[in-house]
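What's in coords16.tsv: TSV, C-alpha atoms
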```
chain	number	residue	atom	x	y	z
A	10	MET	CA	175.81	105.03	-127.20
A	11	SER	CA	179.46	104.08	-126.92
A	12	TYR	CA	181.00	102.84	-123.70
A	13	ALA	CA	183.28	105.89	-123.65
A	14	HIS	CA	180.30	108.20	-123.72
A	15	SER	CA	178.56	106.36	-120.90
A	16	ARG	CA	181.68	106.65	-118.80
A	17	ARG	CA	181.88	110.40	-119.39
A	18	ALA	CA	178.29	110.73	-118.23
A	19	ASN	CA	179.36	109.65	-114.71
A	20	ALA	CA	180.70	112.94	-113.37
A	21	VAL	CA	181.27	112.15	-109.68
A	22	SER	CA	183.71	109.81	-108.01
A	23	ARG	CA	182.64	106.72	-106.13
A	24	HIS	CA	184.24	108.28	-103.05
A	25	ALA	CA	181.97	111.32	-103.42
A	26	ILE	CA	178.98	108.98	-103.58
A	27	ALA	CA	180.16	107.43	-100.35
A	28	ILE	CA	180.02	110.87	-98.70
A	29	ALA	CA	176.46	111.25	-99.88
A	30	ALA	CA	175.64	107.81	-98.48
A	31	VAL	CA	176.89	108.81	-95.06
A	32	ALA	CA	175.10	112.15	-95.31
A	33	ALA	CA	171.88	110.36	-96.17
A	34	LEU	CA	171.65	109.40	-92.53
A	35	ALA	CA	171.05	113.05	-91.78
A	36	ILE	CA	169.20	114.43	-94.81
A	37	PRO	CA	166.37	113.26	-97.10
A	38	SER	CA	167.21	112.08	-100.61
A	39	HIS	CA	166.49	114.27	-103.59
A	40	ALA	CA	165.15	113.07	-106.93
A	41	ALA	CA	164.70	115.34	-109.94
A	42	SER	CA	161.35	114.97	-111.63
A	43	ALA	CA	161.26	114.50	-115.40
A	44	GLN	CA	158.61	116.17	-117.44
A	45	LEU	CA	157.34	113.94	-120.19
A	46	GLY	CA	156.20	115.49	-123.42
A	47	GLY	CA	152.99	114.18	-124.94
A	48	LEU	CA	151.90	113.77	-128.51
A	49	VAL	CA	149.33	116.36	-129.61
A	50	ARG	CA	146.21	114.45	-130.61
A	51	LYS	CA	143.96	116.19	-133.12
A	52	ALA	CA	140.29	115.29	-133.11
A	53	ARG	CA	139.58	116.89	-136.48
A	54	ASP	CA	140.21	113.89	-138.69
A	55	LYS	CA	138.30	111.55	-136.39
A	56	VAL	CA	135.30	113.85	-136.23
A	57	VAL	CA	135.22	114.21	-140.01
A	58	GLU	CA	135.63	110.46	-140.38
A	59	ASN	CA	132.65	109.84	-138.09
A	60	GLN	CA	130.56	112.37	-139.96
A	61	VAL	CA	131.45	110.83	-143.31
A	62	GLU	CA	130.59	107.38	-141.97
A	63	LYS	CA	127.16	108.61	-140.90
A	64	GLN	CA	126.58	110.08	-144.33
A	65	VAL	CA	127.69	106.80	-146.00
A	66	VAL	CA	125.20	104.84	-143.90
A	67	LYS	CA	122.45	107.28	-144.83
A	68	ARG	CA	123.33	107.14	-148.52
A	69	ALA	CA	123.35	103.34	-148.45
A	70	SER	CA	119.68	103.37	-147.53
A	71	ASP	CA	118.83	106.22	-149.92
A	72	PRO	CA	121.77	106.99	-152.25
A	73	GLY	CA	120.26	110.12	-153.73
A	74	ALA	CA	119.19	111.74	-150.50
A	75	PRO	CA	120.92	114.94	-149.34
A	76	PRO	CA	122.77	114.77	-146.01
A	77	THR	CA	121.42	115.93	-142.70
A	78	PHE	CA	122.98	119.34	-142.17
A	79	ASP	CA	124.43	120.06	-138.74
A	80	GLU	CA	127.31	121.91	-137.04
A	81	VAL	CA	129.84	119.98	-139.14
A	82	THR	CA	128.04	119.27	-142.41
A	83	VAL	CA	126.85	122.65	-143.67
A	84	GLU	CA	124.82	123.16	-146.82
A	85	LEU	CA	126.95	124.19	-149.79
A	86	THR	CA	125.06	127.29	-150.81
A	87	SER	CA	126.38	129.74	-153.41
A	88	GLU	CA	127.86	131.83	-150.61
A	89	ARG	CA	129.60	128.87	-148.98
A	90	VAL	CA	130.95	127.57	-152.26
A	91	ALA	CA	132.40	131.04	-152.83
A	92	GLN	CA	133.90	130.91	-149.33
A	93	MET	CA	135.50	127.56	-150.11
A	94	ILE	CA	136.96	128.87	-153.37
A	95	LYS	CA	138.35	131.89	-151.52
A	96	GLY	CA	139.98	129.70	-148.86
A	97	LEU	CA	141.40	127.18	-151.32
A	98	THR	CA	142.76	129.98	-153.53
A	99	ALA	CA	144.49	131.62	-150.57
A	100	GLY	CA	145.96	128.29	-149.53
A	101	ARG	CA	147.34	127.70	-153.02
A	102	ALA	CA	148.96	131.14	-152.99
A	103	VAL	CA	150.82	130.21	-149.81
A	104	LEU	CA	151.75	126.83	-151.25
A	105	ALA	CA	153.45	128.51	-154.23
A	106	SER	CA	156.60	128.99	-152.13
A	107	ARG	CA	156.80	125.22	-151.64
A	108	GLU	CA	157.98	124.34	-155.15
A	109	PRO	CA	161.36	126.13	-154.99
A	110	LEU	CA	162.06	124.39	-151.70
A	111	VAL	CA	161.14	121.00	-153.15
A	112	SER	CA	163.38	121.64	-156.16
A	113	ARG	CA	166.33	122.56	-153.95
A	114	ARG	CA	165.78	119.49	-151.79
A	115	ASP	CA	165.64	117.25	-154.86
A	116	VAL	CA	168.93	118.68	-156.16
A	117	VAL	CA	170.62	118.19	-152.80
A	118	GLY	CA	169.20	114.69	-152.40
A	119	THR	CA	170.30	113.68	-155.88
A	120	LYS	CA	173.83	114.94	-155.24
A	121	SER	CA	173.97	112.99	-151.96
A	122	ASP	CA	172.77	109.81	-153.68
A	123	GLU	CA	175.31	110.22	-156.48
A	124	LEU	CA	178.20	110.65	-154.05
A	125	SER	CA	177.05	107.63	-152.05
A	126	THR	CA	176.87	105.48	-155.17
A	127	GLN	CA	180.19	106.66	-156.58
A	128	ASN	CA	181.98	106.07	-153.27
A	129	HIS	CA	180.15	102.97	-152.11
A	130	GLU	CA	183.21	100.81	-151.55
A	131	LEU	CA	185.14	103.57	-149.77
A	132	ILE	CA	182.23	104.31	-147.43
A	133	LYS	CA	181.61	100.62	-146.79
A	134	ALA	CA	185.26	100.02	-145.87
A	135	TYR	CA	185.33	103.05	-143.58
A	136	ARG	CA	182.19	101.99	-141.71
A	137	GLU	CA	183.43	98.43	-141.28
A	138	ASN	CA	186.76	99.70	-139.89
A	139	TYR	CA	185.01	102.25	-137.70
A	140	TYR	CA	182.62	99.76	-136.08
A	141	GLU	CA	185.39	97.19	-135.63
A	142	ASN	CA	187.54	99.82	-133.93
A	143	GLU	CA	184.61	100.95	-131.77
A	144	ARG	CA	183.93	97.39	-130.58
A	145	CYS	CA	187.61	96.95	-129.75
A	146	ARG	CA	187.75	100.25	-127.89
A	147	ASN	CA	184.59	99.54	-125.91
A	148	THR	CA	186.03	96.20	-124.80
A	149	ALA	CA	189.37	97.74	-123.83
A	150	MET	CA	187.76	100.64	-121.99
A	151	HIS	CA	185.43	98.33	-120.11
A	152	ALA	CA	188.36	96.18	-118.96
A	153	SER	CA	190.29	99.27	-117.84
A	154	ALA	CA	187.28	100.65	-116.01
A	155	GLU	CA	186.73	97.36	-114.20
A	156	LYS	CA	190.29	97.46	-112.88
A	157	ARG	CA	189.84	101.02	-111.66
A	158	ARG	CA	186.49	100.13	-110.13
A	159	ALA	CA	188.06	97.32	-108.11
A	160	VAL	CA	190.60	99.76	-106.68
A	161	ALA	CA	187.87	102.32	-106.02
A	162	ASP	CA	185.71	99.74	-104.23
A	163	LYS	CA	188.59	98.89	-101.92
A	164	GLU	CA	189.24	102.57	-101.17
A	165	MET	CA	185.53	103.17	-100.60
A	166	LYS	CA	185.31	100.41	-98.02
A	167	GLU	CA	188.31	101.85	-96.23
A	168	TRP	CA	186.72	105.31	-96.31
A	169	GLN	CA	183.39	104.02	-95.00
A	170	ALA	CA	185.14	102.10	-92.24
A	171	LYS	CA	186.90	105.28	-91.16
A	172	ALA	CA	183.61	107.22	-91.26
A	173	LEU	CA	182.03	104.63	-88.94
A	174	SER	CA	184.98	104.38	-86.54
A	175	ASP	CA	186.10	108.02	-86.38
A	176	PRO	CA	183.34	110.31	-85.01
A	177	ALA	CA	185.13	113.52	-86.00
A	178	PHE	CA	185.64	112.27	-89.57
A	179	ARG	CA	182.03	111.09	-89.72
A	180	ASP	CA	180.67	114.44	-88.51
A	181	ARG	CA	182.72	116.26	-91.13
A	182	ALA	CA	181.55	113.85	-93.85
A	183	VAL	CA	177.91	114.35	-92.86
A	184	ALA	CA	178.29	118.14	-92.86
A	185	ILE	CA	179.89	118.08	-96.29
A	186	GLY	CA	177.29	115.57	-97.49
A	187	VAL	CA	174.48	117.98	-96.54
A	188	LYS	CA	176.11	120.72	-98.61
A	189	MET	CA	176.70	118.29	-101.47
A	190	GLY	CA	173.03	117.33	-101.44
A	191	GLU	CA	172.04	120.99	-101.61
A	192	ALA	CA	174.47	121.60	-104.49
A	193	GLN	CA	173.12	118.58	-106.35
A	194	ALA	CA	169.52	119.71	-105.82
A	195	ARG	CA	170.21	123.05	-107.46
A	196	GLY	CA	172.31	121.48	-110.22
A	197	ASP	CA	175.55	123.12	-109.11
A	198	THR	CA	178.12	120.55	-110.29
A	199	ALA	CA	181.07	122.88	-109.66
A	200	ALA	CA	180.14	123.30	-105.99
A	201	PHE	CA	179.50	119.57	-105.67
A	202	MET	CA	182.99	118.71	-106.93
A	203	ARG	CA	184.62	121.45	-104.83
A	204	LEU	CA	183.07	119.98	-101.70
A	205	ALA	CA	184.32	116.54	-102.68
A	206	ARG	CA	187.85	117.93	-103.01
A	207	GLU	CA	187.60	119.31	-99.48
A	208	MET	CA	187.64	115.70	-98.35
A	209	GLY	CA	190.66	114.99	-100.53
A	210	LEU	CA	188.60	113.08	-103.08
A	211	LYS	CA	188.95	113.19	-106.86
A	212	PRO	CA	186.31	112.96	-109.57
A	213	ASP	CA	186.06	109.79	-111.62
A	214	ASP	CA	188.56	110.19	-114.48
A	215	PRO	CA	188.03	107.97	-117.57
A	216	LYS	CA	191.25	109.15	-119.23
A	217	PRO	CA	193.11	105.92	-118.35
A	218	ASP	CA	190.35	103.98	-120.11
A	219	THR	CA	190.77	106.07	-123.25
A	220	LEU	CA	194.53	105.63	-123.17
A	221	ALA	CA	194.10	101.87	-122.77
A	222	ALA	CA	191.79	101.81	-125.81
A	223	ASP	CA	194.26	103.87	-127.85
A	224	GLN	CA	197.05	101.46	-126.97
A	225	ALA	CA	195.06	98.31	-127.69
A	226	CYS	CA	193.08	99.39	-130.73
A	227	GLY	CA	194.50	102.61	-132.12
A	228	ARG	CA	192.60	105.80	-132.72
A	229	PRO	CA	189.25	105.67	-134.59
A	230	PRO	CA	189.67	105.93	-138.38
A	231	ALA	CA	189.28	109.40	-139.86
A	232	LYS	CA	185.99	110.06	-141.63
A	233	PRO	CA	186.47	110.36	-145.42
A	234	ALA	CA	185.93	113.85	-146.78
A	235	VAL	CA	183.24	112.58	-149.14
A	236	LEU	CA	181.24	111.12	-146.25
A	237	ALA	CA	181.41	114.46	-144.43
A	238	GLN	CA	180.12	116.07	-147.63
A	239	ILE	CA	177.26	113.57	-147.82
A	240	ASP	CA	176.36	114.22	-144.19
A	241	SER	CA	176.29	117.95	-144.89
A	242	LEU	CA	174.02	117.48	-147.91
A	243	ASP	CA	171.68	115.24	-145.89
A	244	GLY	CA	171.51	117.91	-143.19
A	245	ILE	CA	170.54	120.52	-145.78
A	246	ALA	CA	167.86	118.20	-147.19
A	247	LYS	CA	166.45	117.67	-143.70
A	248	GLU	CA	166.31	121.41	-143.09
A	249	LEU	CA	164.52	121.96	-146.42
A	250	THR	CA	162.02	119.23	-145.54
A	251	GLY	CA	161.24	121.09	-142.33
A	252	GLN	CA	160.68	124.32	-144.26
A	253	ILE	CA	158.41	122.52	-146.72
A	254	ARG	CA	156.36	121.11	-143.87
A	255	LYS	CA	155.91	124.58	-142.37
A	256	VAL	CA	154.69	125.95	-145.72
A	257	GLU	CA	152.19	123.10	-146.03
A	258	GLU	CA	150.93	123.67	-142.50
A	259	LYS	CA	150.57	127.41	-143.16
A	260	SER	CA	148.72	126.70	-146.41
A	261	ALA	CA	146.26	124.38	-144.68
A	262	ALA	CA	145.65	126.89	-141.89
A	263	THR	CA	145.16	129.70	-144.41
A	264	GLU	CA	142.56	127.68	-146.33
A	265	VAL	CA	140.45	127.30	-143.22
A	266	THR	CA	140.88	130.89	-142.02
A	267	GLU	CA	140.06	132.48	-145.37
A	268	SER	CA	137.03	130.23	-145.92
A	269	GLY	CA	135.30	131.67	-142.88
A	270	LEU	CA	134.26	128.18	-141.81
A	271	THR	CA	135.35	126.21	-138.78
A	272	GLU	CA	138.06	123.65	-139.32
A	273	ARG	CA	135.63	120.71	-139.16
A	274	GLN	CA	133.15	122.42	-141.46
A	275	PHE	CA	135.88	123.21	-143.98
A	276	PHE	CA	137.25	119.68	-144.20
A	277	MET	CA	133.79	118.15	-144.46
A	278	ALA	CA	132.85	120.63	-147.19
A	279	ARG	CA	136.05	119.88	-149.10
A	280	GLU	CA	135.38	116.17	-148.80
A	281	ARG	CA	131.93	116.61	-150.32
A	282	ILE	CA	133.17	118.93	-153.08
A	283	GLU	CA	135.82	116.37	-154.05
A	284	ALA	CA	133.09	113.70	-154.23
A	285	TYR	CA	130.99	115.97	-156.45
A	286	LEU	CA	133.86	116.75	-158.84
A	287	SER	CA	134.83	113.08	-159.01
A	288	SER	CA	131.29	112.10	-159.98
A	289	VAL	CA	131.13	114.77	-162.67
A	290	LYS	CA	134.56	113.82	-164.03
A	291	TYR	CA	133.54	110.20	-164.52
A	292	LYS	CA	130.11	111.19	-165.84
A	293	SER	CA	128.11	109.70	-163.01
A	294	LYS	CA	125.27	111.47	-161.25
A	295	PRO	CA	126.41	113.10	-157.98
A	296	SER	CA	124.42	111.80	-155.04
A	297	GLY	CA	123.98	113.03	-151.50
A	298	PHE	CA	123.46	116.71	-152.41
A	299	SER	CA	120.44	118.96	-152.05
A	300	ALA	CA	119.00	120.69	-155.12
A	301	PRO	CA	120.39	124.12	-154.07
A	302	GLU	CA	123.81	122.50	-153.56
A	303	MET	CA	123.79	120.94	-157.02
A	304	GLU	CA	122.96	124.32	-158.53
A	305	ALA	CA	125.65	126.15	-156.54
A	306	LEU	CA	128.33	123.56	-157.27
A	307	GLY	CA	127.43	123.39	-160.96
A	308	ALA	CA	127.63	127.17	-161.31
A	309	ARG	CA	131.18	127.25	-159.90
A	310	ARG	CA	132.41	123.87	-161.16
A	311	ALA	CA	135.19	125.34	-163.33
A	312	ASP	CA	136.46	127.50	-160.49
A	313	LEU	CA	136.40	124.56	-158.08
A	314	GLU	CA	138.37	122.35	-160.47
A	315	LYS	CA	141.11	125.00	-160.62
A	316	VAL	CA	141.64	125.17	-156.85
A	317	MET	CA	140.96	121.57	-155.74
```
Could you render the structure from this file as structure tokens?
Amino acid sequence: MSYAHSRRANAVSRHAIAIAAVAALAIPSHAASAQLGGLVRKARDKVVENQVEKQVVKRASDPGAPPTFDEVTVELTSERVAQMIKGLTAGRAVLASREPLVSRRDVVGTKSDELSTQNHELIKAYRENYYENERCRNTAMHASAEKRRAVADKEMKEWQAKALSDPAFRDRAVAIGVKMGEAQARGDTAAFMRLAREMGLKPDDPKPDTLAADQACGRPPAKPAVLAQIDSLDGIAKELTGQIRKVEEKSAATEVTESGLTERQFFMARERIEAYLSSVKYKSKPSGFSAPEMEALGARRADLEKVM
């Protein structure tokens, strides 16, 4: 964040804060609470991982033994294999809309990379000039702000002294401070600043700092048209990536829904089917399956290979 931006974030004058300080003698302080967002933690993968680990331990002691079927590891009967094929087929149908999006993103990304490569020196020079100018401007604005702050501190002390020595002035400041606190609590900046003006106070104005930076460092360099074009292409690529992610999420959800199994059952079943197909592909004997499972999987092997 640039220094200029941080200065603009301070919307009230130091004099107005002084009013609030005096008013604090009469009213309680107000603090806005911030609501923190939390990351959504999914237990699915962990549960499946634990179940797989249990099966691995069991197979280590008896590699050929079928698993212990439970609420997560269900037996892959003919009906369940058919359910899995139905779910995986439906998911693939949804995923078909992903390819055009990927192609568009690749085209956009390639164009962005080409422009960056072709204009490397131009972009490098612009960024070096921009950051050099920004450092200069931040320094100049900080120096200007410090000078204004010194003047403001002096005026604040004079204002506070008057508030302490003049009862009528103090009573008026407290009354206005109460109203300012109420305006701040409801987020009414316009009312807050209007009340400050009633005391003849002005909001903090960073314009002199900006003018000082312009005089000392000049205006920031203009962004090259090609860099604006690259930024636009990158924005399009980001949007396409978001659309791709939504298609993938919809595909995964459709697989589970259409299979008729629970989410945990589906992912465990898919894990086991992948293990079966891998064993068959490399001509090794599948282990960890019951006899009915081997029959059901063998009967639909070709169909499973198409959708996995």
Next on the checklist: Under the rule that all atoms listed in the file are counted, which of A:Lys216, A:Arg181, A:Arg101, A:Lys120 is the nearest residue to Ala154 (chain A)?
Outcome noted: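 Of all the options, A:Lys216 lies closest to Ala154 (chain A).
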Checklist entry - By how many Å are CA of Ser296 (chain A) and CA of Ile282 (chain A) apart? => result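 For CA of Ser296 (chain A) relative to CA of Ile282 (chain A), the distance reads 11.5 Å.
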Got a sec to check which residues sit within 7 Å of (129.9, 119.7, -152.7), counting all atoms listed in the file, and write them as a PDB file with C-alpha atoms, in the coordinates of the input?
```pdb
ATOM      1  CA  LEU A  85     126.950 124.190-149.790  1.00  0.00           C
ATOM      2  CA  ALA A 278     132.850 120.630-147.190  1.00  0.00           C
ATOM      3  CA  ARG A 281     131.930 116.610-150.320  1.00  0.00           C
ATOM      4  CA  ILE A 282     133.170 118.930-153.080  1.00  0.00           C
ATOM      5  CA  GLU A 283     135.820 116.370-154.050  1.00  0.00           C
ATOM      6  CA  ALA A 284     133.090 113.700-154.230  1.00  0.00           C
ATOM      7  CA  TYR A 285     130.990 115.970-156.450  1.00  0.00           C
ATOM      8  CA  GLU A 302     123.810 122.500-153.560  1.00  0.00           C
ATOM      9  CA  LEU A 306     128.330 123.560-157.270  1.00  0.00           C
TER      10      LEU A 306
END
```
Next on the checklist: Using only C-alpha atoms, can you tell me which of A:Ser293, A:Ile253, A:Ser287, A:Thr219 comes closest to Ser112 (chain A)?
Outcome noted: A:Ile253
Next on the checklist: Please determine, counting all atoms listed in the file, which residue among A:Thr98, A:Ser260, A:Ser241, A:Ser153 has the shortest atom-to-atom distance to Asp218 (chain A).
Outcome noted: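 Closest to Asp218 (chain A), using all atoms listed in the file: A:Ser153.
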Checklist entry - From the set A:Asp197, A:Glu143, A:Glu272, A:Glu80, which residue has the shortest atom-to-atom contact distance to Ala222 (chain A), counting all atoms listed in the file? => result A:Glu143
Got a sec: who's within 12 Å of Ala308 (chain A), counting all atoms listed in the file, leaving out chain neighbours fewer than 5 positions off, as a PDB file with C-alpha atoms, in the coordinates of the input?
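Final output, saved to around15.pdb:
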```pdb
ATOM      1  CA  LEU A  85     126.950 124.190-149.790  1.00  0.00           C
ATOM      2  CA  THR A  86     125.060 127.290-150.810  1.00  0.00           C
ATOM      3  CA  SER A  87     126.380 129.740-153.410  1.00  0.00           C
ATOM      4  CA  GLU A  88     127.860 131.830-150.610  1.00  0.00           C
ATOM      5  CA  VAL A  90     130.950 127.570-152.260  1.00  0.00           C
ATOM      6  CA  ALA A  91     132.400 131.040-152.830  1.00  0.00           C
ATOM      7  CA  PRO A 301     120.390 124.120-154.070  1.00  0.00           C
ATOM      8  CA  GLU A 302     123.810 122.500-153.560  1.00  0.00           C
ATOM      9  CA  MET A 303     123.790 120.940-157.020  1.00  0.00           C
ATOM     10  CA  LEU A 313     136.400 124.560-158.080  1.00  0.00           C
ATOM     11  CA  GLU A 314     138.370 122.350-160.470  1.00  0.00           C
TER      12      GLU A 314
END
```
Item to check | Atomic separation - CA of Tyr140 (chain A) relative to CA of Gln127 (chain A), Å | outcome: 21.8 Å
Checklist outcome for this item: In terms of all atoms listed in the file, the residue from A:Thr77, A:Leu236, A:Glu257, A:Val83 at minimal distance from Glu280 (chain A) is A:Val83
Incomplete region 171-203 of chain A filled out to N, CA and C atoms as a PDB file, in the coordinates of the input:
```
ATOM      1  N   LYS A 171     186.394 104.146 -91.941  1.00  0.00           N
ATOM      2  CA  LYS A 171     186.900 105.280 -91.160  1.00  0.00           C
ATOM      3  C   LYS A 171     185.753 106.175 -90.715  1.00  0.00           C
ATOM      4  N   ALA A 172     184.747 106.370 -91.608  1.00  0.00           N
ATOM      5  CA  ALA A 172     183.610 107.220 -91.260  1.00  0.00           C
ATOM      6  C   ALA A 172     182.824 106.628 -90.092  1.00  0.00           C
ATOM      7  N   LEU A 173     182.785 105.289 -90.018  1.00  0.00           N
ATOM      8  CA  LEU A 173     182.030 104.630 -88.940  1.00  0.00           C
ATOM      9  C   LEU A 173     182.823 104.564 -87.636  1.00  0.00           C
ATOM     10  N   SER A 174     184.148 104.537 -87.740  1.00  0.00           N
ATOM     11  CA  SER A 174     184.980 104.380 -86.540  1.00  0.00           C
ATOM     12  C   SER A 174     185.507 105.694 -85.990  1.00  0.00           C
ATOM     13  N   ASP A 175     185.545 106.732 -86.801  1.00  0.00           N
ATOM     14  CA  ASP A 175     186.100 108.020 -86.380  1.00  0.00           C
ATOM     15  C   ASP A 175     184.977 109.056 -86.334  1.00  0.00           C
ATOM     16  N   PRO A 176     184.475 109.384 -85.136  1.00  0.00           N
ATOM     17  CA  PRO A 176     183.340 110.310 -85.010  1.00  0.00           C
ATOM     18  C   PRO A 176     183.602 111.663 -85.652  1.00  0.00           C
ATOM     19  N   ALA A 177     184.826 112.199 -85.450  1.00  0.00           N
ATOM     20  CA  ALA A 177     185.130 113.520 -86.000  1.00  0.00           C
ATOM     21  C   ALA A 177     185.084 113.482 -87.531  1.00  0.00           C
ATOM     22  N   PHE A 178     185.650 112.421 -88.112  1.00  0.00           N
ATOM     23  CA  PHE A 178     185.640 112.270 -89.570  1.00  0.00           C
ATOM     24  C   PHE A 178     184.212 112.099 -90.081  1.00  0.00           C
ATOM     25  N   ARG A 179     183.416 111.326 -89.315  1.00  0.00           N
ATOM     26  CA  ARG A 179     182.030 111.090 -89.720  1.00  0.00           C
ATOM     27  C   ARG A 179     181.229 112.392 -89.668  1.00  0.00           C
ATOM     28  N   ASP A 180     181.419 113.185 -88.629  1.00  0.00           N
ATOM     29  CA  ASP A 180     180.670 114.440 -88.510  1.00  0.00           C
ATOM     30  C   ASP A 180     181.010 115.385 -89.672  1.00  0.00           C
ATOM     31  N   ARG A 181     182.295 115.404 -90.022  1.00  0.00           N
ATOM     32  CA  ARG A 181     182.720 116.260 -91.130  1.00  0.00           C
ATOM     33  C   ARG A 181     182.122 115.763 -92.448  1.00  0.00           C
ATOM     34  N   ALA A 182     182.115 114.431 -92.629  1.00  0.00           N
ATOM     35  CA  ALA A 182     181.550 113.850 -93.850  1.00  0.00           C
ATOM     36  C   ALA A 182     180.066 114.151 -93.968  1.00  0.00           C
ATOM     37  N   VAL A 183     179.345 114.066 -92.845  1.00  0.00           N
ATOM     38  CA  VAL A 183     177.910 114.350 -92.860  1.00  0.00           C
ATOM     39  C   VAL A 183     177.666 115.817 -93.204  1.00  0.00           C
ATOM     40  N   ALA A 184     178.464 116.712 -92.599  1.00  0.00           N
ATOM     41  CA  ALA A 184     178.290 118.140 -92.860  1.00  0.00           C
ATOM     42  C   ALA A 184     178.537 118.454 -94.340  1.00  0.00           C
ATOM     43  N   ILE A 185     179.595 117.860 -94.879  1.00  0.00           N
ATOM     44  CA  ILE A 185     179.890 118.080 -96.290  1.00  0.00           C
ATOM     45  C   ILE A 185     178.810 117.427 -97.155  1.00  0.00           C
ATOM     46  N   GLY A 186     178.332 116.256 -96.739  1.00  0.00           N
ATOM     47  CA  GLY A 186     177.290 115.570 -97.490  1.00  0.00           C
ATOM     48  C   GLY A 186     176.020 116.394 -97.601  1.00  0.00           C
ATOM     49  N   VAL A 187     175.659 117.110 -96.510  1.00  0.00           N
ATOM     50  CA  VAL A 187     174.480 117.980 -96.540  1.00  0.00           C
ATOM     51  C   VAL A 187     174.658 119.043 -97.610  1.00  0.00           C
ATOM     52  N   LYS A 188     175.841 119.666 -97.623  1.00  0.00           N
ATOM     53  CA  LYS A 188     176.110 120.720 -98.610  1.00  0.00           C
ATOM     54  C   LYS A 188     176.132 120.147-100.028  1.00  0.00           C
ATOM     55  N   MET A 189     176.665 118.920-100.156  1.00  0.00           N
ATOM     56  CA  MET A 189     176.700 118.290-101.470  1.00  0.00           C
ATOM     57  C   MET A 189     175.277 118.009-101.969  1.00  0.00           C
ATOM     58  N   GLY A 190     174.420 117.581-101.059  1.00  0.00           N
ATOM     59  CA  GLY A 190     173.030 117.330-101.440  1.00  0.00           C
ATOM     60  C   GLY A 190     172.339 118.598-101.899  1.00  0.00           C
ATOM     61  N   GLU A 191     172.617 119.706-101.222  1.00  0.00           N
ATOM     62  CA  GLU A 191     172.040 120.990-101.610  1.00  0.00           C
ATOM     63  C   GLU A 191     172.551 121.423-102.975  1.00  0.00           C
ATOM     64  N   ALA A 192     173.878 121.229-103.199  1.00  0.00           N
ATOM     65  CA  ALA A 192     174.470 121.600-104.490  1.00  0.00           C
ATOM     66  C   ALA A 192     173.878 120.761-105.612  1.00  0.00           C
ATOM     67  N   GLN A 193     173.690 119.474-105.342  1.00  0.00           N
ATOM     68  CA  GLN A 193     173.120 118.580-106.350  1.00  0.00           C
ATOM     69  C   GLN A 193     171.673 118.964-106.664  1.00  0.00           C
ATOM     70  N   ALA A 194     170.924 119.345-105.639  1.00  0.00           N
ATOM     71  CA  ALA A 194     169.520 119.710-105.820  1.00  0.00           C
ATOM     72  C   ALA A 194     169.365 120.930-106.714  1.00  0.00           C
ATOM     73  N   ARG A 195     170.310 121.850-106.623  1.00  0.00           N
ATOM     74  CA  ARG A 195     170.210 123.050-107.460  1.00  0.00           C
ATOM     75  C   ARG A 195     171.019 122.928-108.748  1.00  0.00           C
ATOM     76  N   GLY A 196     171.577 121.734-108.986  1.00  0.00           N
ATOM     77  CA  GLY A 196     172.310 121.480-110.220  1.00  0.00           C
ATOM     78  C   GLY A 196     173.659 122.161-110.290  1.00  0.00           C
ATOM     79  N   ASP A 197     174.263 122.431-109.155  1.00  0.00           N
ATOM     80  CA  ASP A 197     175.550 123.120-109.110  1.00  0.00           C
ATOM     81  C   ASP A 197     176.671 122.077-109.058  1.00  0.00           C
ATOM     82  N   THR A 198     177.089 121.588-110.225  1.00  0.00           N
ATOM     83  CA  THR A 198     178.120 120.550-110.290  1.00  0.00           C
ATOM     84  C   THR A 198     179.456 121.055-109.780  1.00  0.00           C
ATOM     85  N   ALA A 199     179.787 122.318-110.080  1.00  0.00           N
ATOM     86  CA  ALA A 199     181.070 122.880-109.660  1.00  0.00           C
ATOM     87  C   ALA A 199     181.187 122.871-108.129  1.00  0.00           C
ATOM     88  N   ALA A 200     180.122 123.287-107.454  1.00  0.00           N
ATOM     89  CA  ALA A 200     180.140 123.300-105.990  1.00  0.00           C
ATOM     90  C   ALA A 200     180.210 121.880-105.448  1.00  0.00           C
ATOM     91  N   PHE A 201     179.500 120.965-106.093  1.00  0.00           N
ATOM     92  CA  PHE A 201     179.500 119.570-105.670  1.00  0.00           C
ATOM     93  C   PHE A 201     180.925 119.005-105.702  1.00  0.00           C
ATOM     94  N   MET A 202     181.644 119.234-106.797  1.00  0.00           N
ATOM     95  CA  MET A 202     182.990 118.710-106.930  1.00  0.00           C
ATOM     96  C   MET A 202     183.972 119.429-106.004  1.00  0.00           C
ATOM     97  N   ARG A 203     183.756 120.718-105.767  1.00  0.00           N
ATOM     98  CA  ARG A 203     184.620 121.450-104.830  1.00  0.00           C
ATOM     99  C   ARG A 203     184.498 120.887-103.426  1.00  0.00           C
TER     100      ARG A 203
END
```
